[in-house]
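Next comes final_22.pdb, with PDB, C-alpha atoms.
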```pdb
ATOM      1  CA  MET Z 400      29.574 -52.997 -34.892  1.00  0.00           C
ATOM      2  CA  ALA Z 401      30.699 -56.397 -33.810  1.00  0.00           C
ATOM      3  CA  GLY Z 402      28.776 -58.074 -31.066  1.00  0.00           C
ATOM      4  CA  ASP Z 403      25.140 -57.419 -31.964  1.00  0.00           C
ATOM      5  CA  PRO Z 404      23.979 -60.203 -34.248  1.00  0.00           C
ATOM      6  CA  GLY Z 405      20.376 -58.858 -34.272  1.00  0.00           C
ATOM      7  CA  PRO Z 406      20.371 -57.231 -37.728  1.00  0.00           C
ATOM      8  CA  VAL Z 407      22.234 -60.199 -39.130  1.00  0.00           C
ATOM      9  CA  PHE Z 408      19.637 -62.657 -37.872  1.00  0.00           C
ATOM     10  CA  ALA Z 409      16.802 -60.454 -39.116  1.00  0.00           C
ATOM     11  CA  ALA Z 410      18.391 -60.224 -42.549  1.00  0.00           C
ATOM     12  CA  LEU Z 411      18.800 -63.985 -42.632  1.00  0.00           C
ATOM     13  CA  ALA Z 412      15.309 -64.767 -41.392  1.00  0.00           C
ATOM     14  CA  ASP Z 413      13.985 -64.730 -44.937  1.00  0.00           C
ATOM     15  CA  PRO Z 414      14.504 -67.911 -46.975  1.00  0.00           C
ATOM     16  CA  THR Z 415      15.042 -66.025 -50.230  1.00  0.00           C
ATOM     17  CA  ARG Z 416      17.729 -63.884 -48.631  1.00  0.00           C
ATOM     18  CA  ARG Z 417      19.410 -67.007 -47.330  1.00  0.00           C
ATOM     19  CA  GLU Z 418      19.412 -68.359 -50.884  1.00  0.00           C
ATOM     20  CA  VAL Z 419      20.941 -65.108 -52.102  1.00  0.00           C
ATOM     21  CA  VAL Z 420      23.620 -65.448 -49.432  1.00  0.00           C
ATOM     22  CA  ARG Z 421      24.339 -69.026 -50.452  1.00  0.00           C
ATOM     23  CA  LEU Z 422      24.670 -68.063 -54.088  1.00  0.00           C
ATOM     24  CA  LEU Z 423      26.927 -65.110 -53.297  1.00  0.00           C
ATOM     25  CA  ALA Z 424      29.060 -67.290 -51.073  1.00  0.00           C
ATOM     26  CA  ALA Z 425      29.503 -69.790 -53.890  1.00  0.00           C
ATOM     27  CA  ARG Z 426      29.930 -67.225 -56.672  1.00  0.00           C
ATOM     28  CA  PRO Z 427      31.051 -63.800 -55.479  1.00  0.00           C
ATOM     29  CA  GLY Z 428      30.386 -60.966 -57.878  1.00  0.00           C
ATOM     30  CA  LEU Z 429      26.961 -62.012 -59.149  1.00  0.00           C
ATOM     31  CA  THR Z 430      24.675 -59.260 -60.424  1.00  0.00           C
ATOM     32  CA  ALA Z 431      21.061 -58.803 -59.351  1.00  0.00           C
ATOM     33  CA  SER Z 432      19.943 -60.105 -62.756  1.00  0.00           C
ATOM     34  CA  ALA Z 433      22.098 -63.186 -62.448  1.00  0.00           C
ATOM     35  CA  LEU Z 434      20.670 -63.843 -58.994  1.00  0.00           C
ATOM     36  CA  ALA Z 435      17.126 -63.361 -60.309  1.00  0.00           C
ATOM     37  CA  GLY Z 436      17.917 -65.915 -62.985  1.00  0.00           C
ATOM     38  CA  GLU Z 437      18.748 -68.478 -60.318  1.00  0.00           C
ATOM     39  CA  LEU Z 438      15.816 -67.878 -58.003  1.00  0.00           C
ATOM     40  CA  PRO Z 439      12.055 -67.941 -58.509  1.00  0.00           C
ATOM     41  CA  VAL Z 440      11.645 -64.240 -57.754  1.00  0.00           C
ATOM     42  CA  SER Z 441      11.757 -61.052 -59.792  1.00  0.00           C
ATOM     43  CA  ARG Z 442      14.789 -58.850 -60.275  1.00  0.00           C
ATOM     44  CA  GLN Z 443      12.983 -56.134 -58.292  1.00  0.00           C
ATOM     45  CA  ALA Z 444      12.535 -58.502 -55.367  1.00  0.00           C
ATOM     46  CA  ILE Z 445      16.200 -59.478 -55.547  1.00  0.00           C
ATOM     47  CA  ALA Z 446      17.159 -55.791 -55.495  1.00  0.00           C
ATOM     48  CA  LYS Z 447      15.158 -55.335 -52.287  1.00  0.00           C
ATOM     49  CA  HIS Z 448      16.743 -58.371 -50.668  1.00  0.00           C
ATOM     50  CA  LEU Z 449      20.193 -57.151 -51.653  1.00  0.00           C
ATOM     51  CA  ALA Z 450      19.414 -53.755 -50.141  1.00  0.00           C
ATOM     52  CA  GLN Z 451      18.470 -55.445 -46.873  1.00  0.00           C
ATOM     53  CA  LEU Z 452      21.616 -57.560 -46.876  1.00  0.00           C
ATOM     54  CA  ARG Z 453      23.675 -54.415 -47.474  1.00  0.00           C
ATOM     55  CA  ALA Z 454      21.854 -52.576 -44.677  1.00  0.00           C
ATOM     56  CA  ALA Z 455      22.752 -55.419 -42.326  1.00  0.00           C
ATOM     57  CA  GLY Z 456      26.363 -55.138 -43.462  1.00  0.00           C
ATOM     58  CA  LEU Z 457      26.294 -58.608 -44.978  1.00  0.00           C
ATOM     59  CA  ALA Z 458      26.849 -57.699 -48.616  1.00  0.00           C
ATOM     60  CA  GLU Z 459      28.516 -54.953 -50.581  1.00  0.00           C
ATOM     61  CA  ALA Z 460      28.004 -53.596 -54.073  1.00  0.00           C
ATOM     62  CA  GLU Z 461      30.787 -53.039 -56.525  1.00  0.00           C
ATOM     63  CA  HIS Z 462      30.251 -51.004 -59.669  1.00  0.00           C
ATOM     64  CA  ALA Z 463      31.979 -52.407 -62.702  1.00  0.00           C
ATOM     65  CA  GLY Z 464      31.062 -50.387 -65.746  1.00  0.00           C
ATOM     66  CA  ARG Z 465      27.287 -50.513 -66.117  1.00  0.00           C
ATOM     67  CA  GLU Z 466      26.995 -53.527 -63.905  1.00  0.00           C
ATOM     68  CA  THR Z 467      26.659 -53.749 -60.179  1.00  0.00           C
ATOM     69  CA  ARG Z 468      28.181 -56.836 -58.701  1.00  0.00           C
ATOM     70  CA  TYR Z 469      27.555 -58.114 -55.226  1.00  0.00           C
ATOM     71  CA  ARG Z 470      29.689 -59.977 -52.793  1.00  0.00           C
ATOM     72  CA  LEU Z 471      29.435 -60.929 -49.146  1.00  0.00           C
ATOM     73  CA  THR Z 472      31.303 -59.004 -46.507  1.00  0.00           C
ATOM     74  CA  PRO Z 473      32.760 -61.648 -44.251  1.00  0.00           C
ATOM     75  CA  GLU Z 474      32.972 -59.839 -40.916  1.00  0.00           C
ATOM     76  CA  PRO Z 475      29.436 -59.791 -39.522  1.00  0.00           C
ATOM     77  CA  PHE Z 476      28.769 -63.218 -40.873  1.00  0.00           C
ATOM     78  CA  GLY Z 477      30.793 -65.419 -38.721  1.00  0.00           C
ATOM     79  CA  ASP Z 478      28.654 -66.884 -36.058  1.00  0.00           C
ATOM     80  CA  ALA Z 479      25.117 -66.191 -37.190  1.00  0.00           C
ATOM     81  CA  VAL Z 480      25.326 -67.828 -40.570  1.00  0.00           C
ATOM     82  CA  ALA Z 481      27.740 -70.519 -39.599  1.00  0.00           C
ATOM     83  CA  TRP Z 482      25.335 -71.579 -36.870  1.00  0.00           C
ATOM     84  CA  MET Z 483      22.232 -71.554 -39.074  1.00  0.00           C
ATOM     85  CA  VAL Z 484      23.890 -73.427 -41.885  1.00  0.00           C
ATOM     86  CA  GLN Z 485      25.435 -76.034 -39.626  1.00  0.00           C
ATOM     87  CA  ALA Z 486      22.418 -76.562 -37.372  1.00  0.00           C
ATOM     88  CA  GLY Z 487      20.149 -76.753 -40.426  1.00  0.00           C
ATOM     89  CA  ALA Z 488      22.332 -79.313 -42.155  1.00  0.00           C
ATOM     90  CA  ARG Z 489      22.373 -81.421 -39.001  1.00  0.00           C
ATOM     91  CA  TRP Z 490      18.580 -81.422 -38.808  1.00  0.00           C
ATOM     92  CA  ASP Z 491      18.339 -82.424 -42.455  1.00  0.00           C
ATOM     93  CA  ALA Z 492      20.524 -85.430 -41.693  1.00  0.00           C
ATOM     94  CA  ARG Z 493      18.645 -86.298 -38.488  1.00  0.00           C
ATOM     95  CA  LEU Z 494      15.253 -86.091 -40.179  1.00  0.00           C
ATOM     96  CA  GLU Z 495      16.469 -88.314 -42.981  1.00  0.00           C
ATOM     97  CA  ARG Z 496      17.512 -90.920 -40.407  1.00  0.00           C
ATOM     98  CA  LEU Z 497      14.159 -90.551 -38.646  1.00  0.00           C
ATOM     99  CA  GLN Z 498      12.284 -91.079 -41.904  1.00  0.00           C
ATOM    100  CA  ALA Z 499      14.330 -94.184 -42.566  1.00  0.00           C
ATOM    101  CA  GLN Z 500      13.079 -95.643 -39.272  1.00  0.00           C
ATOM    102  CA  LEU Z 501       9.407 -95.459 -40.260  1.00  0.00           C
TER     103      LEU Z 501
ATOM    104  CA  MET P1122       7.080 -62.717 -39.536  1.00  0.00           C
ATOM    105  CA  THR P1123       6.975 -65.079 -36.613  1.00  0.00           C
ATOM    106  CA  LEU P1124       9.003 -64.851 -33.461  1.00  0.00           C
ATOM    107  CA  HIS P1125      11.040 -67.813 -34.660  1.00  0.00           C
ATOM    108  CA  ASP P1126      12.048 -65.971 -37.808  1.00  0.00           C
ATOM    109  CA  GLU P1127      13.117 -62.925 -35.837  1.00  0.00           C
ATOM    110  CA  LEU P1128      15.312 -65.120 -33.714  1.00  0.00           C
ATOM    111  CA  GLY P1129      17.259 -66.549 -36.607  1.00  0.00           C
ATOM    112  CA  ALA P1130      16.118 -70.011 -35.696  1.00  0.00           C
ATOM    113  CA  VAL P1131      16.473 -73.124 -37.760  1.00  0.00           C
ATOM    114  CA  ARG P1132      13.111 -74.580 -38.743  1.00  0.00           C
ATOM    115  CA  ARG P1133      12.386 -77.787 -40.578  1.00  0.00           C
ATOM    116  CA  GLU P1134       9.058 -79.352 -41.416  1.00  0.00           C
ATOM    117  CA  VAL P1135       8.509 -82.848 -42.771  1.00  0.00           C
ATOM    118  CA  VAL P1136       5.400 -84.893 -43.387  1.00  0.00           C
ATOM    119  CA  LEU P1137       5.977 -88.492 -42.401  1.00  0.00           C
ATOM    120  CA  GLU P1138       3.955 -91.360 -43.777  1.00  0.00           C
ATOM    121  CA  ALA P1139       3.102 -92.794 -40.398  1.00  0.00           C
ATOM    122  CA  GLU P1140       0.589 -92.429 -37.596  1.00  0.00           C
ATOM    123  CA  ARG P1141       1.407 -89.860 -34.971  1.00  0.00           C
ATOM    124  CA  ALA P1142       1.811 -92.599 -32.345  1.00  0.00           C
ATOM    125  CA  ALA P1143       4.400 -94.364 -34.493  1.00  0.00           C
ATOM    126  CA  VAL P1144       6.405 -91.159 -34.867  1.00  0.00           C
ATOM    127  CA  TRP P1145       6.113 -90.399 -31.171  1.00  0.00           C
ATOM    128  CA  ALA P1146       7.591 -93.820 -30.428  1.00  0.00           C
ATOM    129  CA  LEU P1147      10.782 -92.503 -32.043  1.00  0.00           C
ATOM    130  CA  VAL P1148      10.647 -89.164 -30.222  1.00  0.00           C
ATOM    131  CA  GLY P1149       9.185 -89.830 -26.802  1.00  0.00           C
ATOM    132  CA  GLY P1150      11.748 -92.292 -25.433  1.00  0.00           C
ATOM    133  CA  PRO P1151      15.537 -92.739 -25.267  1.00  0.00           C
ATOM    134  CA  ASP P1152      15.524 -95.900 -27.402  1.00  0.00           C
ATOM    135  CA  GLY P1153      13.543 -94.243 -30.158  1.00  0.00           C
ATOM    136  CA  LEU P1154      15.704 -91.126 -30.114  1.00  0.00           C
ATOM    137  CA  ALA P1155      18.826 -93.291 -30.233  1.00  0.00           C
ATOM    138  CA  THR P1156      17.824 -94.548 -33.691  1.00  0.00           C
ATOM    139  CA  TRP P1157      18.105 -91.147 -35.371  1.00  0.00           C
ATOM    140  CA  LEU P1158      18.912 -88.122 -33.213  1.00  0.00           C
ATOM    141  CA  ALA P1159      22.669 -88.623 -33.003  1.00  0.00           C
ATOM    142  CA  ASP P1160      25.376 -91.247 -33.320  1.00  0.00           C
ATOM    143  CA  GLU P1161      24.911 -92.097 -29.668  1.00  0.00           C
ATOM    144  CA  VAL P1162      22.189 -91.088 -27.216  1.00  0.00           C
ATOM    145  CA  ARG P1163      22.794 -91.546 -23.497  1.00  0.00           C
ATOM    146  CA  LEU P1164      19.598 -90.644 -21.708  1.00  0.00           C
ATOM    147  CA  GLU P1165      17.633 -92.397 -18.962  1.00  0.00           C
ATOM    148  CA  ALA P1166      14.182 -91.121 -19.786  1.00  0.00           C
ATOM    149  CA  VAL P1167      12.310 -88.539 -21.791  1.00  0.00           C
ATOM    150  CA  GLU P1168      10.776 -86.581 -18.963  1.00  0.00           C
ATOM    151  CA  PRO P1169      11.191 -82.994 -17.813  1.00  0.00           C
ATOM    152  CA  GLY P1170      14.497 -82.418 -16.072  1.00  0.00           C
ATOM    153  CA  ALA P1171      16.131 -85.606 -17.349  1.00  0.00           C
ATOM    154  CA  ARG P1172      19.736 -85.030 -18.380  1.00  0.00           C
ATOM    155  CA  GLY P1173      21.913 -86.938 -20.752  1.00  0.00           C
ATOM    156  CA  THR P1174      24.467 -86.726 -23.511  1.00  0.00           C
ATOM    157  CA  VAL P1175      24.326 -87.131 -27.236  1.00  0.00           C
ATOM    158  CA  ARG P1176      27.381 -87.804 -29.342  1.00  0.00           C
ATOM    159  CA  GLU P1177      27.466 -86.467 -32.869  1.00  0.00           C
ATOM    160  CA  ASP P1178      30.394 -86.050 -35.267  1.00  0.00           C
ATOM    161  CA  GLY P1179      32.723 -87.085 -32.462  1.00  0.00           C
ATOM    162  CA  GLU P1180      31.433 -84.338 -30.193  1.00  0.00           C
ATOM    163  CA  ASP P1181      29.418 -84.720 -26.978  1.00  0.00           C
ATOM    164  CA  ARG P1182      26.492 -82.435 -26.265  1.00  0.00           C
ATOM    165  CA  ALA P1183      24.948 -82.132 -22.837  1.00  0.00           C
ATOM    166  CA  LEU P1184      21.193 -82.463 -23.176  1.00  0.00           C
ATOM    167  CA  THR P1185      18.303 -81.629 -20.865  1.00  0.00           C
ATOM    168  CA  ILE P1186      14.692 -82.573 -21.463  1.00  0.00           C
ATOM    169  CA  GLU P1187      12.660 -79.435 -20.835  1.00  0.00           C
ATOM    170  CA  GLU P1188       9.019 -80.221 -21.576  1.00  0.00           C
ATOM    171  CA  VAL P1189       7.073 -83.231 -22.733  1.00  0.00           C
ATOM    172  CA  ASP P1190       3.522 -83.261 -24.018  1.00  0.00           C
ATOM    173  CA  PRO P1191       3.186 -86.981 -24.758  1.00  0.00           C
ATOM    174  CA  GLY P1192       2.330 -87.732 -28.354  1.00  0.00           C
ATOM    175  CA  ARG P1193       2.580 -84.091 -29.350  1.00  0.00           C
ATOM    176  CA  ARG P1194       5.632 -82.159 -28.304  1.00  0.00           C
ATOM    177  CA  LEU P1195       9.130 -82.518 -26.933  1.00  0.00           C
ATOM    178  CA  THR P1196      11.291 -79.598 -25.919  1.00  0.00           C
ATOM    179  CA  LEU P1197      14.920 -80.047 -25.008  1.00  0.00           C
ATOM    180  CA  SER P1198      17.977 -77.896 -24.639  1.00  0.00           C
ATOM    181  CA  TRP P1199      21.463 -78.911 -25.527  1.00  0.00           C
ATOM    182  CA  CYS P1200      24.915 -77.495 -25.686  1.00  0.00           C
ATOM    183  CA  ALA P1201      28.122 -78.533 -27.407  1.00  0.00           C
ATOM    184  CA  PRO P1202      31.303 -78.117 -25.321  1.00  0.00           C
ATOM    185  CA  ASP P1203      32.510 -75.027 -27.174  1.00  0.00           C
ATOM    186  CA  GLY P1204      29.154 -73.861 -28.491  1.00  0.00           C
ATOM    187  CA  ASP P1205      26.177 -71.876 -27.287  1.00  0.00           C
ATOM    188  CA  ALA P1206      23.189 -73.618 -25.818  1.00  0.00           C
ATOM    189  CA  SER P1207      20.098 -73.893 -27.949  1.00  0.00           C
ATOM    190  CA  LEU P1208      16.509 -74.899 -27.445  1.00  0.00           C
ATOM    191  CA  VAL P1209      14.962 -77.567 -29.660  1.00  0.00           C
ATOM    192  CA  GLU P1210      11.242 -78.080 -30.048  1.00  0.00           C
ATOM    193  CA  LEU P1211       9.782 -81.056 -31.893  1.00  0.00           C
ATOM    194  CA  THR P1212       6.052 -80.832 -32.554  1.00  0.00           C
ATOM    195  CA  LEU P1213       3.854 -83.511 -34.087  1.00  0.00           C
ATOM    196  CA  ASP P1214       0.427 -83.079 -35.559  1.00  0.00           C
ATOM    197  CA  GLU P1215      -1.793 -84.693 -38.160  1.00  0.00           C
ATOM    198  CA  ALA P1216      -0.961 -83.473 -41.650  1.00  0.00           C
ATOM    199  CA  PRO P1217      -4.057 -82.401 -43.624  1.00  0.00           C
ATOM    200  CA  GLU P1218      -2.902 -84.580 -46.530  1.00  0.00           C
ATOM    201  CA  GLY P1219      -2.541 -87.593 -44.235  1.00  0.00           C
ATOM    202  CA  GLY P1220       0.400 -88.787 -42.199  1.00  0.00           C
ATOM    203  CA  THR P1221       2.116 -86.884 -39.440  1.00  0.00           C
ATOM    204  CA  ARG P1222       3.719 -83.501 -39.689  1.00  0.00           C
ATOM    205  CA  LEU P1223       6.861 -83.006 -37.665  1.00  0.00           C
ATOM    206  CA  VAL P1224       8.089 -79.471 -37.128  1.00  0.00           C
ATOM    207  CA  VAL P1225      11.534 -78.909 -35.670  1.00  0.00           C
ATOM    208  CA  VAL P1226      12.659 -75.533 -34.416  1.00  0.00           C
ATOM    209  CA  GLU P1227      16.092 -74.917 -32.948  1.00  0.00           C
ATOM    210  CA  ILE P1228      16.742 -71.529 -31.383  1.00  0.00           C
ATOM    211  CA  PRO P1229      20.040 -70.322 -29.952  1.00  0.00           C
ATOM    212  CA  LEU P1230      19.297 -69.521 -26.307  1.00  0.00           C
ATOM    213  CA  GLN P1231      21.324 -66.335 -26.411  1.00  0.00           C
ATOM    214  CA  ARG P1232      18.925 -64.935 -29.000  1.00  0.00           C
ATOM    215  CA  LEU P1233      15.908 -66.135 -27.064  1.00  0.00           C
ATOM    216  CA  HIS P1234      17.052 -64.267 -23.978  1.00  0.00           C
ATOM    217  CA  ALA P1235      17.747 -61.092 -25.943  1.00  0.00           C
ATOM    218  CA  VAL P1236      14.278 -61.123 -27.490  1.00  0.00           C
ATOM    219  CA  SER P1237      12.516 -61.961 -24.214  1.00  0.00           C
ATOM    220  CA  ALA P1238      14.239 -58.999 -22.602  1.00  0.00           C
ATOM    221  CA  GLY P1239      13.148 -56.786 -25.498  1.00  0.00           C
ATOM    222  CA  VAL P1240       9.547 -57.989 -25.279  1.00  0.00           C
ATOM    223  CA  ALA P1241       9.511 -57.427 -21.521  1.00  0.00           C
ATOM    224  CA  ALA P1242      10.901 -53.922 -21.957  1.00  0.00           C
ATOM    225  CA  ARG P1243       8.289 -53.039 -24.584  1.00  0.00           C
ATOM    226  CA  ALA P1244       5.481 -54.519 -22.485  1.00  0.00           C
ATOM    227  CA  GLY P1245       6.635 -52.417 -19.553  1.00  0.00           C
ATOM    228  CA  ALA P1246       6.711 -49.266 -21.661  1.00  0.00           C
ATOM    229  CA  ALA P1247       3.272 -49.972 -23.096  1.00  0.00           C
ATOM    230  CA  ARG P1248       1.792 -50.383 -19.645  1.00  0.00           C
ATOM    231  CA  GLY P1249       2.949 -46.928 -18.589  1.00  0.00           C
ATOM    232  CA  PRO P1250       2.139 -45.033 -15.423  1.00  0.00           C
ATOM    233  CA  ARG P1251      -1.616 -44.873 -15.960  1.00  0.00           C
ATOM    234  CA  MET P1252      -1.958 -48.609 -16.385  1.00  0.00           C
ATOM    235  CA  ALA P1253       0.250 -49.132 -13.390  1.00  0.00           C
ATOM    236  CA  ALA P1254      -1.979 -46.783 -11.349  1.00  0.00           C
ATOM    237  CA  ALA P1255      -5.072 -48.695 -12.467  1.00  0.00           C
ATOM    238  CA  VAL P1256      -3.573 -51.966 -11.252  1.00  0.00           C
TER     239      VAL P1256
END
```
Rewrite the coordinates I just gave you, this time as C-alpha cells.
Amino acid sequence: MAGDPGPVFAALADPTRREVVRLLAARPGLTASALAGELPVSRQAIAKHLAQLRAAGLAEAEHAGRETRYRLTPEPFGDAVAWMVQAGARWDARLERLQAQL
Amino acid sequence: MTLHDELGAVRREVVLEAERAAVWALVGGPDGLATWLADEVRLEAVEPGARGTVREDGEDRALTIEEVDPGRRLTLSWCAPDGDASLVELTLDEAPEGGTRLVVVEIPLQRLHAVSAGVAARAGAARGPRMAAAV
C-alpha cells in the first residue's frame, strides 16, 4: 500500500523503535536478543517493537534454524524515515551551532 | 502519545546555559538566526508574514515567518525546492535546573493537514445530529 505513510510514521514515533530501525539498517539480520543487548530495554519489549514494525510493513522476520532474524523491508521506508533522519540530523547540527554562540 | 509523535515529527530539546533573553536574541531576529540556523539567512525581519531564504548544504529554502511570541516562541514554515514544506516551532522556557530550555519541533505540513482533517472528521462525528439540533 504505497502512498499512505500514516502507519509508518506511527511506527517510527517511538524512540526505541527508531533505534531498532537504525540498528537493523546498520546490521541486517539481528535477532531480538541481539537487539535487546544493544538497547536499554528487555527482550520482551523488543519483541513488541518488532511486531509493530512488522505490522507497519517496515521489518520482516526470517527463520533460520531456531533463530528469528529481522531485517528492514525497504519499500515503505523511503520518504518517512529519510525525512526524519535527515531533518533530525540537521537540527542536531543547527543546535550545536546555536550553543556555540552562547 | 502526543500529537507531535503521531505526526512523525522531529523533536529536539536542549537546555542552554544562558538567560532566555540571550537565547531569544539569537532566535528573534535575522542577525541572530544568521549565526546558526543555516549557512546563509536572507530575511528582513522576524515578524509574521515576513519571507526570506535560507541556504543550507548548497540548497535554498523559501522561508516564511508564521508566528512570533517575543521571548518565547517562533513558528516558521520552510520548503526546499524539491521537498515538502514543513512547519518549525522553536519554544523557549526556563529550565527547572537553571538556564533556558529550547524545544524544536519540525512537522511535515502534509502530515499536519492529514491529521487536522482526521481530527475535524472525528469531531464532526462526535457532535452527531442531536448535538447539531441543540446548537
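The closest residue to chain Z, picked from P:Leu1158, P:Ala1142, P:Leu1195, P:Leu1213 and counting only C-alpha atoms, is P:Leu1158.
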Given the file shown, enumerate the residues that the ChimeraX specification (/Z :<8) & /P captures and present them as a list in words.
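Output of the ChimeraX specification (/Z :<8) & /P: Asp1126, Glu1127, Leu1128, Gly1129, Ala1130, Val1131, Arg1132, Arg1133, Val1135, Leu1137, Glu1138, Ala1139, Ala1143, Val1144, Leu1147, Thr1156, Trp1157, Leu1158, Ala1159 and Glu1227 of chain P.
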To test your reading of the syntax: which residues would the PyMOL selection byres ((chain Z and resi 423-439) around 7) return for the file shown? Reply as a ChimeraX atom specification.
/Z:419-422,440-442,445-446,467-471
For Arg1194 (chain P), please output as a list in words all residues within 6 Å (counting all atoms listed in the file; exclusion window: fewer than 4 positions along the same chain).
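Close residues of Arg1194 (chain P): Val1189, Asp1190, Leu1211 and Thr1212 of chain P.
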Ground truth for the PyMOL selection byres ((chain P and resi 1218) around 12), written as an NGL selection string
:P and (1136-1139 or 1214-1217 or 1219-1222)
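Reported to one decimal place, the separation of CA of Glu1180 (chain P) from CA of Ala1166 (chain P) is 21.3 Å.
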Might I get the box with edges along x, y and z of the file that holds all atoms of region 1136-1155 of chain P listed there, padded by 3 Å on every side, given as centre and edge lengths in Å to one decimal, as JSON?
```
{"center_x": 9.7, "center_y": -90.4, "center_z": -34.5, "size_x": 24.2, "size_y": 17.0, "size_z": 24.5}
```
Kindly output region 447-459 of chain Z as a PDB file, keeping the file's coordinate frame, after building N, CA, C and O atoms.
```pdb
ATOM      1  N   LYS Z 447      15.571 -55.644 -53.669  1.00  0.00           N
ATOM      2  CA  LYS Z 447      15.158 -55.335 -52.287  1.00  0.00           C
ATOM      3  C   LYS Z 447      15.923 -56.191 -51.280  1.00  0.00           C
ATOM      4  O   LYS Z 447      16.388 -55.701 -50.253  1.00  0.00           O
ATOM      5  N   HIS Z 448      16.021 -57.485 -51.586  1.00  0.00           N
ATOM      6  CA  HIS Z 448      16.743 -58.371 -50.668  1.00  0.00           C
ATOM      7  C   HIS Z 448      18.206 -57.948 -50.551  1.00  0.00           C
ATOM      8  O   HIS Z 448      18.783 -57.946 -49.470  1.00  0.00           O
ATOM      9  N   LEU Z 449      18.797 -57.583 -51.685  1.00  0.00           N
ATOM     10  CA  LEU Z 449      20.193 -57.151 -51.653  1.00  0.00           C
ATOM     11  C   LEU Z 449      20.350 -55.880 -50.825  1.00  0.00           C
ATOM     12  O   LEU Z 449      21.321 -55.730 -50.080  1.00  0.00           O
ATOM     13  N   ALA Z 450      19.357 -54.984 -50.929  1.00  0.00           N
ATOM     14  CA  ALA Z 450      19.414 -53.755 -50.141  1.00  0.00           C
ATOM     15  C   ALA Z 450      19.382 -54.088 -48.651  1.00  0.00           C
ATOM     16  O   ALA Z 450      20.101 -53.486 -47.846  1.00  0.00           O
ATOM     17  N   GLN Z 451      18.554 -55.069 -48.290  1.00  0.00           N
ATOM     18  CA  GLN Z 451      18.470 -55.445 -46.873  1.00  0.00           C
ATOM     19  C   GLN Z 451      19.757 -56.110 -46.389  1.00  0.00           C
ATOM     20  O   GLN Z 451      20.194 -55.884 -45.271  1.00  0.00           O
ATOM     21  N   LEU Z 452      20.351 -56.922 -47.254  1.00  0.00           N
ATOM     22  CA  LEU Z 452      21.616 -57.560 -46.876  1.00  0.00           C
ATOM     23  C   LEU Z 452      22.715 -56.516 -46.721  1.00  0.00           C
ATOM     24  O   LEU Z 452      23.551 -56.601 -45.821  1.00  0.00           O
ATOM     25  N   ARG Z 453      22.672 -55.492 -47.587  1.00  0.00           N
ATOM     26  CA  ARG Z 453      23.675 -54.415 -47.474  1.00  0.00           C
ATOM     27  C   ARG Z 453      23.452 -53.620 -46.201  1.00  0.00           C
ATOM     28  O   ARG Z 453      24.400 -53.254 -45.513  1.00  0.00           O
ATOM     29  N   ALA Z 454      22.163 -53.349 -45.891  1.00  0.00           N
ATOM     30  CA  ALA Z 454      21.854 -52.576 -44.677  1.00  0.00           C
ATOM     31  C   ALA Z 454      22.337 -53.306 -43.429  1.00  0.00           C
ATOM     32  O   ALA Z 454      22.742 -52.685 -42.444  1.00  0.00           O
ATOM     33  N   ALA Z 455      22.298 -54.635 -43.480  1.00  0.00           N
ATOM     34  CA  ALA Z 455      22.752 -55.419 -42.326  1.00  0.00           C
ATOM     35  C   ALA Z 455      24.272 -55.598 -42.341  1.00  0.00           C
ATOM     36  O   ALA Z 455      24.831 -56.229 -41.446  1.00  0.00           O
ATOM     37  N   GLY Z 456      24.911 -55.040 -43.373  1.00  0.00           N
ATOM     38  CA  GLY Z 456      26.363 -55.138 -43.462  1.00  0.00           C
ATOM     39  C   GLY Z 456      26.839 -56.501 -43.920  1.00  0.00           C
ATOM     40  O   GLY Z 456      27.981 -56.879 -43.703  1.00  0.00           O
ATOM     41  N   LEU Z 457      25.939 -57.249 -44.567  1.00  0.00           N
ATOM     42  CA  LEU Z 457      26.294 -58.608 -44.978  1.00  0.00           C
ATOM     43  C   LEU Z 457      26.820 -58.678 -46.414  1.00  0.00           C
ATOM     44  O   LEU Z 457      27.489 -59.622 -46.776  1.00  0.00           O
ATOM     45  N   ALA Z 458      26.431 -57.678 -47.216  1.00  0.00           N
ATOM     46  CA  ALA Z 458      26.849 -57.699 -48.616  1.00  0.00           C
ATOM     47  C   ALA Z 458      27.293 -56.310 -49.019  1.00  0.00           C
ATOM     48  O   ALA Z 458      26.902 -55.322 -48.401  1.00  0.00           O
ATOM     49  N   GLU Z 459      28.108 -56.260 -50.062  1.00  0.00           N
ATOM     50  CA  GLU Z 459      28.516 -54.953 -50.581  1.00  0.00           C
ATOM     51  C   GLU Z 459      28.389 -54.958 -52.094  1.00  0.00           C
ATOM     52  O   GLU Z 459      28.447 -56.006 -52.731  1.00  0.00           O
TER      53      GLU Z 459
END
```
